[in-house]
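Peer 1: Input: one structure, supplied below.
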Amino acid sequence: MVYRYVALGDSLTVGTGALLGTGFVPIYRRMAEMNLRTFVSLENLGVNGLTSGELLQMIHNHPRIRQAVREADILTISIGGNDLIRTFKASGGVPSAGKMTQILGDTRHHVSLIMKQIRQLKGNENYFVRSIGLYNPYPQSTEAAYWVRQYNAYLNGAGSGNYACAQVYDKFEGRERELLFWDRVHPNARGYRVIAEQLNRTGYSPFV
């Protein structure tokens, strides 16, 4: 039995900020192999800078992505960070509550449609989906902390069935110097290991 792992999402899925092989995706694949006691194949479809709207378009329109999702047993999704970061940067770090409410609403809408697409592509097959919660790339900003927490709370219930969210906010809070790359946005190898460990903690049901 071989399990197929498909990783969807942004630069975190790519592993930006860490050496090849030290992003969360390859580490989590090895953890999955240990827990499932069999080979886990990997297709990493991460795209730097990807937003929730762009991921939705990919799953809607891209035959190769749709095929990968159809064949996947294990899916991870890291998305939403760029939606919030772009809005934050565009406003010089002080976005209006109205603007952030709108962006958060749009992002949640996109994610719910992404999950719906996955359910339609998978039908009644056995599989599981894991989303990755956001850490706060602007720890000095209480506004950023508020919006990141709002989004993370949504992610906890964003899917149904064999879905869970690996939350990393508390693991990164206060440890940003230790866990983030020098760009202060992406994790370093240690940070990616934390993400993989949180994914691992969500378990491997329905396969174990």
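Please note that chains go A, B, ... in the order of the structure tokens, that every chain numbers its residues from 1, and that ligands are numbered from 1 in the order shown.
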Can you tell me which residues surround Arg130 (chain A) at a distance of at most 7 Å, considering only C-alpha atoms, apart from same-chain residues fewer than 2 positions away, and format the answer as a JSON list (two decimals) with C-alpha atoms, in the first residue's frame?
Peer 2:
[["chain", "number", "residue", "atom", "x", "y", "z"],
["A", 75, "LEU", "CA", -3.63, 16.73, 1.54],
["A", 76, "THR", "CA", -2.03, 19.67, 3.34],
["A", 77, "ILE", "CA", -2.97, 23.28, 2.63],
["A", 128, "PHE", "CA", -7.71, 13.42, 5.03],
["A", 132, "ILE", "CA", -2.00, 24.97, 8.65],
["A", 163, "TYR", "CA", -10.24, 17.46, 8.43],
["A", 164, "ALA", "CA", -8.16, 19.17, 11.07],
["A", 165, "CYS", "CA", -6.16, 22.36, 11.40],
["A", 166, "ALA", "CA", -2.60, 22.23, 12.71]]
Peer 1: Write out as a compact mmCIF listing (two decimals) with C-alpha atoms, in the first residue's frame all residues of chain A that backbone DSSP assigns to alpha helix (DSSP H).
Peer 2:
# COMPACT_ATOMS: atom_id res chain seq x y z
CA SER A 11 5.65 29.70 0.17
CA LEU A 12 5.34 27.68 3.40
CA THR A 13 4.45 24.65 1.30
CA VAL A 14 7.39 25.48 -1.00
CA PHE A 24 7.58 21.13 6.66
CA VAL A 25 6.42 19.10 3.64
CA PRO A 26 9.35 16.64 3.39
CA ILE A 27 9.58 16.37 7.19
CA TYR A 28 5.86 15.66 7.49
CA ARG A 29 6.08 13.09 4.69
CA ARG A 30 8.72 11.18 6.69
CA MET A 31 6.58 11.40 9.84
CA ALA A 32 3.59 10.07 7.87
CA GLU A 33 5.69 7.15 6.64
CA MET A 34 6.70 6.28 10.18
CA ASN A 35 3.10 6.40 11.42
CA LEU A 36 1.54 4.65 8.43
CA SER A 52 -6.50 31.95 -1.36
CA GLY A 53 -8.23 33.25 -4.51
CA GLU A 54 -5.39 31.98 -6.71
CA LEU A 55 -5.43 28.54 -5.07
CA LEU A 56 -9.19 28.38 -5.65
CA GLN A 57 -8.64 29.16 -9.35
CA MET A 58 -5.94 26.48 -9.58
CA ILE A 59 -8.24 23.80 -8.12
CA HIS A 60 -11.09 24.97 -10.34
CA ASN A 61 -9.28 25.25 -13.65
CA PRO A 63 -6.38 19.72 -14.87
CA ARG A 64 -3.09 18.60 -13.31
CA ILE A 65 -4.00 20.03 -9.90
CA ARG A 66 -7.48 18.50 -10.07
CA GLN A 67 -5.99 15.12 -10.96
CA ALA A 68 -3.48 15.34 -8.09
CA VAL A 69 -6.25 16.15 -5.60
CA ARG A 70 -8.39 13.33 -6.97
CA GLU A 71 -5.57 10.82 -6.40
CA GLY A 81 -1.08 34.36 4.97
CA ASN A 82 -0.45 36.31 1.76
CA ASP A 83 -4.00 37.66 1.69
CA LEU A 84 -3.50 39.21 5.14
CA ILE A 85 0.15 40.24 4.67
CA ARG A 86 -0.53 42.04 1.38
CA THR A 87 -3.36 44.05 2.89
CA PHE A 88 -1.20 44.86 5.88
CA LYS A 89 1.74 46.02 3.75
CA ALA A 90 -0.45 48.03 1.36
CA ALA A 97 -10.80 47.45 10.49
CA GLY A 98 -13.24 47.65 7.57
CA LYS A 99 -10.58 46.66 5.06
CA MET A 100 -9.33 43.77 7.20
CA THR A 101 -12.88 42.55 7.81
CA GLN A 102 -13.44 42.52 4.05
CA ILE A 103 -10.17 40.67 3.31
CA LEU A 104 -10.80 38.16 6.08
CA GLY A 105 -14.31 37.54 4.73
CA ASP A 106 -12.99 37.04 1.19
CA THR A 107 -10.26 34.67 2.39
CA ARG A 108 -12.69 32.59 4.42
CA HIS A 109 -15.05 32.42 1.44
CA HIS A 110 -12.23 31.23 -0.84
CA VAL A 111 -11.11 28.60 1.67
CA SER A 112 -14.64 27.25 2.09
CA LEU A 113 -14.92 26.94 -1.72
CA ILE A 114 -11.50 25.21 -1.86
CA MET A 115 -12.70 22.67 0.71
CA LYS A 116 -15.93 22.17 -1.25
CA GLN A 117 -13.96 21.56 -4.45
CA ILE A 118 -11.79 18.97 -2.67
CA ARG A 119 -14.88 17.18 -1.32
CA GLN A 120 -16.38 17.08 -4.82
CA LEU A 121 -13.17 15.76 -6.39
CA LYS A 122 -12.70 13.13 -3.70
CA THR A 142 -1.58 43.86 18.18
CA GLU A 143 -3.82 44.48 15.14
CA ALA A 144 -2.03 41.77 13.16
CA ALA A 145 -2.33 39.40 16.12
CA TYR A 146 -6.08 40.01 16.27
CA TRP A 147 -6.71 39.27 12.57
CA VAL A 148 -4.44 36.23 12.51
CA ARG A 149 -6.30 34.80 15.50
CA GLN A 150 -9.66 35.46 13.83
CA TYR A 151 -8.55 33.57 10.74
CA ASN A 152 -7.12 30.69 12.78
CA ALA A 153 -10.41 30.33 14.68
CA TYR A 154 -12.19 30.04 11.32
CA LEU A 155 -9.70 27.41 10.08
CA ASN A 156 -10.48 25.12 13.03
CA TYR A 169 0.36 30.40 16.53
CA ASP A 170 1.15 29.61 20.17
CA LYS A 171 4.28 27.68 19.19
CA PHE A 172 5.73 30.69 17.36
CA GLU A 176 9.99 34.46 16.41
CA ARG A 177 13.75 35.10 16.57
CA GLU A 178 14.40 31.42 17.02
CA LEU A 179 11.88 30.07 14.49
CA ALA A 189 14.36 24.95 9.33
CA ARG A 190 13.53 24.86 13.05
CA GLY A 191 10.24 26.67 12.45
CA TYR A 192 9.28 24.27 9.69
CA ARG A 193 9.96 21.34 11.99
CA VAL A 194 7.51 22.88 14.51
CA ILE A 195 4.85 23.04 11.76
CA ALA A 196 5.49 19.40 10.80
CA GLU A 197 5.24 18.34 14.45
CA GLN A 198 1.88 20.12 14.81
CA LEU A 199 0.63 18.37 11.66
CA ASN A 200 1.85 15.06 13.03
CA ARG A 201 -0.12 15.66 16.25
Peer 1: Can you pull out the residues contacting Gly17 (chain A)? Cut-off 7 Å, using only C-alpha atoms, and skip same-chain residues under 3 positions away; I want them as a ChimeraX atom specification.
Peer 2: /A:181,186-188
Peer 1: Find the residue from A:Asn48, A:Thr22, A:Ser141, A:Asn136 that sits nearest to Gly93 (chain A); use only C-alpha atoms when measuring.
Peer 2: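 Under the stated criterion, the closest residue is A:Ser141.
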Peer 1: Provide the CA of Arg184 (chain A) to CA of Tyr138 (chain A) distance in Å, to one decimal place.
Peer 2: 8.4 Å
Peer 1: Would you please give, as a list in words, all residues of region 137-207 of chain A that DSSP assigns to strand (DSSP E or B) based on the backbone?
Peer 2: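 Strand (DSSP E or B) members of region 137-207 of chain A, listed: Tyr163, Ala164, Cys165, Ala166, Leu180 and Pro187 of chain A.
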Peer 1: In terms of the shortest atom-to-atom distance over only C-alpha atoms, which of A:Val185, A:Tyr3, A:Ser160, A:Gly15 is closest to Ser41 (chain A)?
Peer 2: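 Between A:Val185, A:Tyr3, A:Ser160, A:Gly15, the residue approaching Ser41 (chain A) most closely is A:Tyr3.
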Peer 1: Taking into account only C-alpha atoms, which residue in the set A:Leu134, A:Leu20, A:Ala72, A:Ile79 is nearest to Gly49 (chain A)?
Peer 2: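 Among the listed residues, the smallest separation from Gly49 (chain A) belongs to A:Ile79.
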Peer 1: At what distance in Å, to one decimal, does CA of Val6 (chain A) lie from CA of Gly46 (chain A)?
Peer 2: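 Separating CA of Gly46 (chain A) from CA of Val6 (chain A) is a distance of 9.5 Å.
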Peer 1: What is the distance, in Å and to one decimal place, between CA of Asp10 (chain A) and CA of Phe207 (chain A)?
Peer 2: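 These atoms are spaced 26.5 Å apart.
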